[in-house]
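Raw contents of my_file-v7.txt, compact mmCIF, N, CA and C atoms:
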# COMPACT_ATOMS: atom_id res chain seq x y z
N MET B 553 8.35 27.77 -3.96
CA MET B 553 7.36 26.98 -3.24
C MET B 553 7.94 25.60 -2.92
N THR B 554 7.77 25.18 -1.71
CA THR B 554 8.24 23.87 -1.28
C THR B 554 7.15 22.84 -1.53
N ARG B 555 7.58 21.73 -2.10
CA ARG B 555 6.67 20.62 -2.41
C ARG B 555 7.01 19.45 -1.49
N ARG B 556 6.02 18.84 -0.88
CA ARG B 556 6.23 17.66 -0.04
C ARG B 556 6.19 16.42 -0.93
N PHE B 557 7.08 15.48 -0.68
CA PHE B 557 7.15 14.26 -1.49
C PHE B 557 7.31 13.08 -0.54
N ALA B 558 6.40 12.13 -0.63
CA ALA B 558 6.45 10.91 0.18
C ALA B 558 6.49 9.71 -0.75
N PHE B 559 7.19 8.68 -0.32
CA PHE B 559 7.35 7.50 -1.15
C PHE B 559 7.67 6.29 -0.28
N LYS B 560 7.52 5.11 -0.88
CA LYS B 560 7.91 3.90 -0.17
C LYS B 560 8.88 3.10 -1.01
N MET B 561 9.71 2.34 -0.31
CA MET B 561 10.69 1.45 -0.93
C MET B 561 10.65 0.13 -0.15
N GLN B 562 11.25 -0.90 -0.71
CA GLN B 562 11.21 -2.21 -0.07
C GLN B 562 12.61 -2.65 0.33
N LEU B 563 12.78 -2.95 1.60
CA LEU B 563 14.03 -3.47 2.14
C LEU B 563 13.98 -5.00 2.10
N LYS B 564 15.07 -5.62 1.70
CA LYS B 564 15.11 -7.09 1.65
C LYS B 564 15.17 -7.65 3.07
N PRO B 565 14.50 -8.80 3.31
CA PRO B 565 14.51 -9.41 4.64
C PRO B 565 15.94 -9.72 5.09
N GLY B 566 16.19 -9.48 6.36
CA GLY B 566 17.50 -9.76 6.94
C GLY B 566 18.52 -8.65 6.75
N CYS B 567 18.15 -7.58 6.08
CA CYS B 567 19.08 -6.49 5.78
C CYS B 567 18.85 -5.25 6.62
N GLU B 568 18.02 -5.36 7.63
CA GLU B 568 17.62 -4.20 8.42
C GLU B 568 18.81 -3.52 9.10
N GLN B 569 19.65 -4.28 9.78
CA GLN B 569 20.79 -3.69 10.48
C GLN B 569 21.81 -3.12 9.50
N GLU B 570 22.02 -3.79 8.39
CA GLU B 570 22.97 -3.28 7.40
C GLU B 570 22.47 -1.97 6.79
N TYR B 571 21.17 -1.87 6.55
CA TYR B 571 20.60 -0.64 6.02
C TYR B 571 20.85 0.51 6.99
N GLN B 572 20.58 0.27 8.27
CA GLN B 572 20.80 1.30 9.28
C GLN B 572 22.28 1.65 9.40
N ARG B 573 23.16 0.65 9.33
CA ARG B 573 24.60 0.89 9.42
C ARG B 573 25.08 1.77 8.28
N ARG B 574 24.64 1.47 7.07
CA ARG B 574 25.08 2.25 5.90
C ARG B 574 24.58 3.69 5.98
N HIS B 575 23.35 3.90 6.43
CA HIS B 575 22.84 5.26 6.52
C HIS B 575 23.48 6.03 7.67
N ALA B 576 23.90 5.35 8.71
CA ALA B 576 24.60 6.03 9.80
C ALA B 576 25.94 6.58 9.33
N ALA B 577 26.47 6.02 8.24
CA ALA B 577 27.75 6.46 7.69
C ALA B 577 27.56 7.09 6.31
N ILE B 578 26.43 7.77 6.11
CA ILE B 578 26.15 8.36 4.79
C ILE B 578 27.28 9.31 4.40
N TRP B 579 27.62 9.28 3.15
CA TRP B 579 28.74 10.09 2.65
C TRP B 579 28.39 11.58 2.70
N PRO B 580 29.28 12.41 3.21
CA PRO B 580 29.03 13.86 3.23
C PRO B 580 28.78 14.43 1.84
N GLU B 581 29.46 13.92 0.83
CA GLU B 581 29.26 14.43 -0.53
C GLU B 581 27.87 14.08 -1.07
N LEU B 582 27.29 12.96 -0.60
CA LEU B 582 25.93 12.60 -0.99
C LEU B 582 24.92 13.54 -0.31
N VAL B 583 25.14 13.82 0.96
CA VAL B 583 24.27 14.76 1.67
C VAL B 583 24.30 16.12 0.98
N GLU B 584 25.49 16.57 0.61
CA GLU B 584 25.63 17.85 -0.08
C GLU B 584 24.88 17.84 -1.42
N MET B 585 25.01 16.74 -2.16
CA MET B 585 24.35 16.61 -3.46
C MET B 585 22.83 16.65 -3.30
N ILE B 586 22.31 15.97 -2.28
CA ILE B 586 20.87 15.96 -2.03
C ILE B 586 20.39 17.37 -1.72
N ARG B 587 21.13 18.08 -0.89
CA ARG B 587 20.76 19.45 -0.55
C ARG B 587 20.81 20.36 -1.78
N GLU B 588 21.83 20.17 -2.63
CA GLU B 588 21.95 20.97 -3.85
C GLU B 588 20.77 20.74 -4.80
N GLN B 589 20.16 19.57 -4.71
CA GLN B 589 18.99 19.25 -5.52
C GLN B 589 17.73 19.91 -4.98
N GLY B 590 17.85 20.64 -3.87
CA GLY B 590 16.71 21.32 -3.29
C GLY B 590 15.92 20.49 -2.30
N VAL B 591 16.50 19.40 -1.82
CA VAL B 591 15.81 18.51 -0.88
C VAL B 591 16.19 18.88 0.55
N SER B 592 15.18 18.97 1.40
CA SER B 592 15.40 19.22 2.83
C SER B 592 14.37 18.43 3.64
N ASN B 593 14.54 18.49 4.94
CA ASN B 593 13.59 17.83 5.83
C ASN B 593 13.32 16.39 5.37
N TYR B 594 14.40 15.64 5.14
CA TYR B 594 14.34 14.30 4.56
C TYR B 594 14.43 13.27 5.67
N SER B 595 13.44 12.40 5.74
CA SER B 595 13.42 11.32 6.72
C SER B 595 13.04 10.02 6.03
N ILE B 596 13.55 8.92 6.57
CA ILE B 596 13.15 7.58 6.12
C ILE B 596 12.73 6.80 7.36
N TYR B 597 11.56 6.18 7.30
CA TYR B 597 11.04 5.38 8.40
C TYR B 597 10.95 3.93 7.95
N TRP B 598 11.08 3.02 8.89
CA TRP B 598 11.06 1.59 8.60
C TRP B 598 9.87 0.93 9.30
N ASP B 599 9.03 0.24 8.53
CA ASP B 599 7.93 -0.56 9.07
C ASP B 599 8.47 -1.98 9.29
N ARG B 600 8.70 -2.34 10.52
CA ARG B 600 9.31 -3.64 10.85
C ARG B 600 8.45 -4.83 10.40
N ASP B 601 7.14 -4.65 10.38
CA ASP B 601 6.24 -5.75 10.02
C ASP B 601 6.31 -6.11 8.54
N THR B 602 6.57 -5.11 7.69
CA THR B 602 6.52 -5.35 6.24
C THR B 602 7.86 -5.12 5.54
N ASN B 603 8.83 -4.56 6.26
CA ASN B 603 10.12 -4.15 5.69
C ASN B 603 9.96 -3.06 4.63
N ILE B 604 8.87 -2.32 4.72
CA ILE B 604 8.68 -1.18 3.84
C ILE B 604 9.36 0.03 4.46
N LEU B 605 10.09 0.75 3.62
CA LEU B 605 10.71 2.00 4.02
C LEU B 605 9.82 3.13 3.52
N PHE B 606 9.49 4.05 4.40
CA PHE B 606 8.67 5.20 4.04
C PHE B 606 9.55 6.43 4.06
N GLY B 607 9.66 7.12 2.94
CA GLY B 607 10.48 8.31 2.85
C GLY B 607 9.62 9.56 2.73
N TYR B 608 10.12 10.61 3.34
CA TYR B 608 9.46 11.91 3.24
C TYR B 608 10.54 12.97 3.07
N GLN B 609 10.29 13.90 2.15
CA GLN B 609 11.21 15.01 1.95
C GLN B 609 10.46 16.20 1.40
N GLU B 610 11.05 17.35 1.61
CA GLU B 610 10.51 18.58 1.06
C GLU B 610 11.46 19.05 -0.02
N CYS B 611 10.89 19.45 -1.16
CA CYS B 611 11.69 19.78 -2.35
C CYS B 611 11.39 21.20 -2.79
N SER B 612 12.45 22.01 -2.91
CA SER B 612 12.28 23.39 -3.36
C SER B 612 12.48 23.52 -4.86
N LYS B 613 12.91 22.43 -5.50
CA LYS B 613 13.07 22.41 -6.95
C LYS B 613 12.13 21.36 -7.52
N ASP B 614 12.17 21.15 -8.83
CA ASP B 614 11.23 20.23 -9.49
C ASP B 614 11.44 18.77 -9.11
N GLY B 615 12.67 18.33 -8.93
CA GLY B 615 12.95 16.92 -8.69
C GLY B 615 12.87 16.53 -7.24
N SER B 616 13.41 15.34 -6.95
CA SER B 616 13.51 14.81 -5.60
C SER B 616 14.76 13.94 -5.55
N SER B 617 15.09 13.43 -4.38
CA SER B 617 16.26 12.56 -4.27
C SER B 617 16.05 11.25 -5.02
N GLN B 618 14.83 10.94 -5.38
CA GLN B 618 14.51 9.69 -6.07
C GLN B 618 14.41 9.86 -7.59
N ASP B 619 14.70 11.05 -8.07
CA ASP B 619 14.62 11.36 -9.49
C ASP B 619 15.71 10.61 -10.26
N THR B 620 15.33 9.85 -11.24
CA THR B 620 16.29 9.06 -12.02
C THR B 620 16.59 9.66 -13.39
N SER B 621 16.09 10.86 -13.67
CA SER B 621 16.24 11.44 -15.00
C SER B 621 17.63 12.00 -15.28
N ASN B 622 18.33 12.44 -14.26
CA ASN B 622 19.66 13.01 -14.46
C ASN B 622 20.51 12.69 -13.23
N VAL B 623 21.00 11.47 -13.15
CA VAL B 623 21.68 10.99 -11.95
C VAL B 623 23.16 11.35 -11.98
N ASP B 624 23.62 11.93 -10.89
CA ASP B 624 25.02 12.28 -10.75
C ASP B 624 25.82 11.04 -10.31
N PRO B 625 27.13 11.04 -10.51
CA PRO B 625 27.95 9.86 -10.17
C PRO B 625 27.93 9.49 -8.69
N ILE B 626 27.79 10.47 -7.81
CA ILE B 626 27.76 10.17 -6.37
C ILE B 626 26.51 9.36 -6.02
N THR B 627 25.37 9.83 -6.52
CA THR B 627 24.12 9.11 -6.26
C THR B 627 24.15 7.73 -6.88
N GLN B 628 24.68 7.60 -8.08
CA GLN B 628 24.76 6.29 -8.73
C GLN B 628 25.62 5.33 -7.92
N ARG B 629 26.72 5.83 -7.37
CA ARG B 629 27.59 4.99 -6.53
C ARG B 629 26.84 4.51 -5.28
N TRP B 630 26.05 5.42 -4.68
CA TRP B 630 25.26 5.05 -3.50
C TRP B 630 24.23 4.00 -3.86
N TRP B 631 23.52 4.22 -4.98
CA TRP B 631 22.53 3.23 -5.41
C TRP B 631 23.19 1.88 -5.65
N ASP B 632 24.35 1.88 -6.29
CA ASP B 632 25.06 0.61 -6.55
C ASP B 632 25.40 -0.10 -5.25
N MET B 633 25.83 0.67 -4.24
CA MET B 633 26.20 0.08 -2.96
C MET B 633 24.97 -0.47 -2.22
N MET B 634 23.82 0.16 -2.40
CA MET B 634 22.61 -0.25 -1.68
C MET B 634 21.83 -1.35 -2.41
N ALA B 635 22.18 -1.65 -3.62
CA ALA B 635 21.39 -2.56 -4.46
C ALA B 635 21.25 -3.97 -3.88
N ASP B 636 22.21 -4.40 -3.09
CA ASP B 636 22.14 -5.77 -2.56
C ASP B 636 21.16 -5.91 -1.39
N ILE B 637 20.69 -4.80 -0.83
CA ILE B 637 19.82 -4.90 0.34
C ILE B 637 18.41 -4.32 0.13
N MET B 638 18.16 -3.81 -1.09
CA MET B 638 16.85 -3.21 -1.39
C MET B 638 16.34 -3.73 -2.72
N GLU B 639 15.04 -3.58 -2.95
CA GLU B 639 14.48 -3.85 -4.26
C GLU B 639 14.89 -2.68 -5.17
N VAL B 640 15.48 -3.01 -6.32
CA VAL B 640 16.00 -1.96 -7.21
C VAL B 640 15.56 -2.18 -8.65
N ASN B 641 15.67 -1.10 -9.42
CA ASN B 641 15.43 -1.13 -10.86
C ASN B 641 16.70 -1.59 -11.57
N PRO B 642 16.65 -1.85 -12.88
CA PRO B 642 17.85 -2.30 -13.61
C PRO B 642 19.05 -1.36 -13.48
N ASP B 643 18.83 -0.06 -13.26
CA ASP B 643 19.95 0.88 -13.09
C ASP B 643 20.41 0.99 -11.64
N ASN B 644 19.91 0.12 -10.77
CA ASN B 644 20.19 0.07 -9.33
C ASN B 644 19.53 1.19 -8.53
N SER B 645 18.71 2.02 -9.15
CA SER B 645 17.94 2.98 -8.38
C SER B 645 16.91 2.21 -7.56
N PRO B 646 16.60 2.67 -6.36
CA PRO B 646 15.61 1.95 -5.57
C PRO B 646 14.24 2.00 -6.24
N VAL B 647 13.52 0.90 -6.17
CA VAL B 647 12.14 0.91 -6.63
C VAL B 647 11.40 1.84 -5.68
N THR B 648 10.94 2.95 -6.22
CA THR B 648 10.29 4.00 -5.42
C THR B 648 8.85 4.14 -5.87
N ILE B 649 7.96 4.02 -4.93
CA ILE B 649 6.54 4.16 -5.23
C ILE B 649 6.06 5.45 -4.56
N PRO B 650 5.76 6.48 -5.36
CA PRO B 650 5.27 7.73 -4.78
C PRO B 650 3.93 7.51 -4.07
N LEU B 651 3.72 8.23 -2.99
CA LEU B 651 2.49 8.14 -2.23
C LEU B 651 1.70 9.44 -2.38
N GLN B 652 0.42 9.32 -2.54
CA GLN B 652 -0.45 10.48 -2.70
C GLN B 652 -0.78 11.06 -1.33
N GLU B 653 -0.61 12.34 -1.20
CA GLU B 653 -0.98 13.01 0.04
C GLU B 653 -2.50 13.12 0.11
N VAL B 654 -3.08 12.68 1.23
CA VAL B 654 -4.52 12.77 1.39
C VAL B 654 -4.91 13.68 2.55
N PHE B 655 -3.95 14.08 3.36
CA PHE B 655 -4.22 14.99 4.47
C PHE B 655 -2.93 15.66 4.89
N HIS B 656 -3.02 16.95 5.22
CA HIS B 656 -1.86 17.70 5.73
C HIS B 656 -2.37 18.74 6.71
N LEU B 657 -1.66 18.89 7.82
CA LEU B 657 -1.99 19.90 8.83
C LEU B 657 -0.72 20.64 9.19
N ASP B 658 -0.71 21.95 8.98
CA ASP B 658 0.43 22.78 9.39
C ASP B 658 0.32 23.13 10.85
Turn this file's structure into C-alpha cells for me.
Amino acid sequence: MTRRFAFKMQLKPGCEQEYQRRHAAIWPELVEMIREQGVSNYSIYWDRDTNILFGYQECSKDGSSQDTSNVDPITQRWWDMMADIMEVNPDNSPVTIPLQEVFHLD
C-alpha cells in the first residue's frame, strides 16, 4: 500500500537561488537511495511569500525521505551540505513538520 506524506520545511532568506541550484544538481546516488527507501512521486514546492518549502512524496515502505531513525551516509552528507541554507536539527536533518491530510481526490 502506498502512503502519501506531506511536510513543510523552512528555507533561510536569501538562499532561494542556491537551494534551486543544489537541487538541480542532486546526486544520482541520493536519488537512488531515496527510491530504495520506497519513495516515489516526490516534489518540493516553494512559497515565495514565506520561504516555506512544501514537500510531497508517496512511500511504499514505512519510512520517508525525512526519516531520521536510520540515516545512511549519502543522506547525511546531503543534509550537511544543505544545513547552511535551511532550518535544521542538531544532526543537520531539515526541520520537517508533517502535514495532516484533510482532503484527497483520485
Inset, instruction - Would you mind listing what lies within 6 Å of region 554-562 of chain B as a VMD selection string, with all atoms listed in the file counted and same-chain residues fewer than 4 positions away left out? - result: chain B and resid 603 to 612 638 to 639 647 to 651
Legend entry - Which of B:Arg574, B:Pro580, B:Lys613, B:Cys567 sits closest to Trp631 (chain B) [using only C-alpha atoms]: B:Arg574
Legend entry - Computed interatomic separation between CA of His656 (chain B) and CA of Asp601 (chain B) (Å): 25.2 Å
Inset, instruction - Just give me the gap between atom C of Met553 (chain B) and CA of Gly615 (chain B) in Å, one decimal is fine. - result: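 Separation between atom C of Met553 (chain B) and CA of Gly615 (chain B): 11.6 Å.
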Legend entry - Which of chain B fall in alpha helix (DSSP H), as an NGL selection string: :B and (568-576 or 580-588 or 625-634)
Inset, instruction - Rank nothing, just name the residue among B:Gly566, B:Tyr571, B:Ser616, B:Thr602 nearest to Gly590 (chain B), using only C-alpha atoms. - result: B:Ser616
Inset, instruction - Give me, please, the distance in Å between CA of Asp614 (chain B) and CA of Gln589 (chain B), quoted to one decimal. - result: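 Between CA of Asp614 (chain B) and CA of Gln589 (chain B) the gap is 8.8 Å.
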Legend entry - All residues 8 Å or closer to region 584-587 of chain B, only N, CA and C atoms, same chain fewer than 6 positions away omitted, as a ChimeraX atom specification: /B:616-617,626-627
Legend entry - Minimum-distance residue to Gln618 (chain B), chosen among B:Leu657, B:Val591, B:Ala576, B:Met633 (using only C-alpha atoms):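 Result for the nearest residue to Gln618 (chain B): B:Val591.
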What are the centre and the three edge lengths of an axis-aligned box that wraps all atoms of region 587-595 of chain B in the file, given that 8 Å is added to every side, written as lines of an AutoDock Vina configuration file and rounded to one decimal in Å?
center_x = 17.5
center_y = 15.7
center_z = 0.6
size_x = 24.9
size_y = 27.3
size_z = 28.2
Inset, instruction - Determine which residues of chain B DSSP labels as strand (DSSP E or B) from the backbone of this structure, then write them out as a count of residues only. - result: 32
Inset, instruction - Find the spatial neighbours of Arg629 (chain B), counting only C-alpha atoms, within a cut-off of 12 Å - ignore same-chain residues fewer than 2 positions away - and output them as a count of residues only. - result: 17
